[in-house]
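Take a look at the structure set out below.
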Amino acid sequence: MAREQREYDDIPGTFVFDAERSRKGYGINMFCMSLMKDENRRAFKANEADYLKQFKLTPEQADAVLKRDYNRMLELGGNIYFTAKLGATDGHSFQHLAATMTGSTQQDYADMMLGGGRSVEGNRSRTGKNKPSAFLSGGEAKSATKSVAKGAARRKPPPSRKPKASRNPKQRNPKQQSGSRPWPELSQV
C-alpha cells in the first residue's frame with residue numbers, strides 16, 4: 001500500500017517519523033534496538049542477512065540495512081535514534097552517520113554545523129512550492145529581527161533562586177501532601 005502524502009513530506013533532507021512510518025518501520029526499529037545487547041551485536045556481525053530474518057523486514061528494509069543506506073532506512077520507517085545503534089555497532093559516531101547521510105565528509109559536516117548549520121536557501125522544499133514568505137524575503141525580516149531583539153532586551157530576567165539548605169531526603173516536607181515522595185534539593189543532585 002502506497003504511503004499517503006503529507007504536507008511535511010516536502011521538507012528536504014529528511015523523512016518525518018510519523019505514526020505511519022512508525023508502523024511501517026516497526027521491524028527495522030526492533031532490529032536496531034536488539035543491537036543494544038552485546039550477544040545480539042555479535043550474532044548480527046557473524047551473519048547479518050540471517051540475523052535480520054527474525055525481524056520481519058521487507059526486502060527493501062533488509063537491503064537498506066545490509067548496504068548501510070541510512071537515508072533509505074529512514075524513508076522505510078527507521079527512526080534515526082534507533083538506526084544510530086547500527087552505526088555504533090559498526091564503530092561509527094553519530095557525526096560520521098550524519099556526514100554520510102548528507103553526502104559530506106565528517107570534517108565538512110562538523111564545519112557546517114559549527115558555522116550555524118545548513119543554509120535555508122534552496123532547502124525549504126523538495127518541490128519548490130514552499131518558498132519563503134514575502135515578509136521574510138525583504139527588509140521586513142531585518143526589522144522583525146531587530147524588534148524581537150529589542151523585546152528580549154526589555155524583558156527582566158527571572159529572579160534567581162537560592163538553593164535551600166540540605167536536609168535529610170527522608171524527612172517529609174510539610175508542604176507536600178501525605179504519601180508523596182520528597183524531591184531532592186539542588187545540593188543533593
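Chains: A, B, ... in order of the C-alpha cells. Residues: from 1 per chain. Ligands: from 1, in order shown.
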Skipping near chain neighbours, those fewer than 4 positions away, what residues fall within 8 Å of region 32-41 of chain A using only C-alpha atoms, listed as number ranges by chain? A: 28, 45, 82-86, 89
Emit the selected residues as a compact mmCIF listing (two decimals), in the first residue's frame, including C-alpha atoms.
# COMPACT_ATOMS: atom_id res chain seq x y z
CA ILE A 28 13.68 -2.29 11.35
CA LYS A 45 28.05 -9.39 12.73
CA PHE A 82 17.33 3.53 16.57
CA THR A 83 19.28 3.31 13.30
CA ALA A 84 22.20 5.04 15.01
CA LYS A 85 22.62 1.82 17.01
CA LEU A 86 23.53 0.07 13.75
CA THR A 89 27.66 -1.50 16.04
Skipping near chain neighbours, those fewer than 6 positions away, what residues fall within 12 Å of Pro59 (chain A) using only C-alpha atoms, listed as a list of chain:residue names? A:Gly27, A:Ile28, A:Ala49, A:Leu52, A:Lys53, A:Val65, A:Leu66, A:Met73, A:Leu76
Store the residues of this selection in a file with N, CA and C atoms, as a short mmCIF file (atom, residue, chain, number, x, y, z; two decimals), in the first residue's frame.
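As written to disk, again-v6.cif reads:
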data_model
loop_
_atom_site.label_atom_id
_atom_site.label_comp_id
_atom_site.auth_asym_id
_atom_site.auth_seq_id
_atom_site.Cartn_x
_atom_site.Cartn_y
_atom_site.Cartn_z
N GLY A 27 9.67 -3.34 12.38
CA GLY A 27 10.68 -4.40 12.31
C GLY A 27 12.10 -3.86 12.27
N ILE A 28 12.32 -2.85 11.47
CA ILE A 28 13.68 -2.29 11.35
C ILE A 28 14.10 -1.64 12.67
N ALA A 49 22.60 -11.15 7.19
CA ALA A 49 21.36 -11.46 6.47
C ALA A 49 20.51 -12.45 7.26
N LEU A 52 18.80 -10.82 10.35
CA LEU A 52 17.69 -9.93 10.02
C LEU A 52 16.37 -10.67 9.84
N LYS A 53 16.43 -11.95 9.52
CA LYS A 53 15.22 -12.72 9.22
C LYS A 53 14.24 -12.77 10.39
N VAL A 65 19.52 -2.02 5.23
CA VAL A 65 20.37 -2.33 6.38
C VAL A 65 21.69 -2.92 5.91
N LEU A 66 21.61 -3.89 5.04
CA LEU A 66 22.84 -4.56 4.58
C LEU A 66 23.77 -3.61 3.83
N MET A 73 16.81 3.75 5.06
CA MET A 73 16.23 3.18 6.27
C MET A 73 15.21 4.14 6.88
N LEU A 76 12.05 4.22 4.91
CA LEU A 76 11.28 2.98 5.08
C LEU A 76 10.79 2.77 6.52
#
Do a neighbour search on Ile80 (chain A) at 10 Å with only C-alpha atoms, toss out local chain neighbours closer than 3 positions, and write the hits as a list in words. Phe15, Phe17, Asn29, Tyr70, Asn71, Met73, Leu74, Gly77, Thr83, Ala84, Lys85, Phe94, Leu97 and Ala98 of chain A
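CA of Met30 (chain A) sits 18.6 Å away from CA of Ala46 (chain A).
The gap separating CA of Gln61 (chain A) from CA of Ser104 (chain A) is 23.6 Å, in Å to one decimal.
One distance worth recording is that between CA of Glu4 (chain A) and CA of Lys24 (chain A), which is 12.4 Å.
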Polymer residues at most 12 Å from Met112 (chain A), only C-alpha atoms, same-chain spacing of 6 or more positions, as a PyMOL selection string: chain A and resi 95+98-99+102+104-106+118-119
Include C-alpha atoms and write out the residues we just selected as a PDB file, in the first residue's frame.
ATOM      1  CA  GLN A  95      28.742  12.602  13.346  1.00  0.00           C
ATOM      2  CA  ALA A  98      25.191  12.410   9.689  1.00  0.00           C
ATOM      3  CA  ALA A  99      28.065  13.221   7.341  1.00  0.00           C
ATOM      4  CA  THR A 102      24.368  14.431   3.907  1.00  0.00           C
ATOM      5  CA  SER A 104      29.843  15.132   3.014  1.00  0.00           C
ATOM      6  CA  THR A 105      32.989  14.311   4.909  1.00  0.00           C
ATOM      7  CA  GLN A 106      32.965  14.335   8.708  1.00  0.00           C
ATOM      8  CA  ARG A 118      22.851  24.297   6.504  1.00  0.00           C
ATOM      9  CA  SER A 119      21.564  27.428   4.797  1.00  0.00           C
TER      10      SER A 119
END
Given the choices A:Gln5, A:Glu60, A:Glu20, A:Arg42, which gets closest to Asp90 (chain A) if the distance is worked out from only C-alpha atoms? A:Arg42
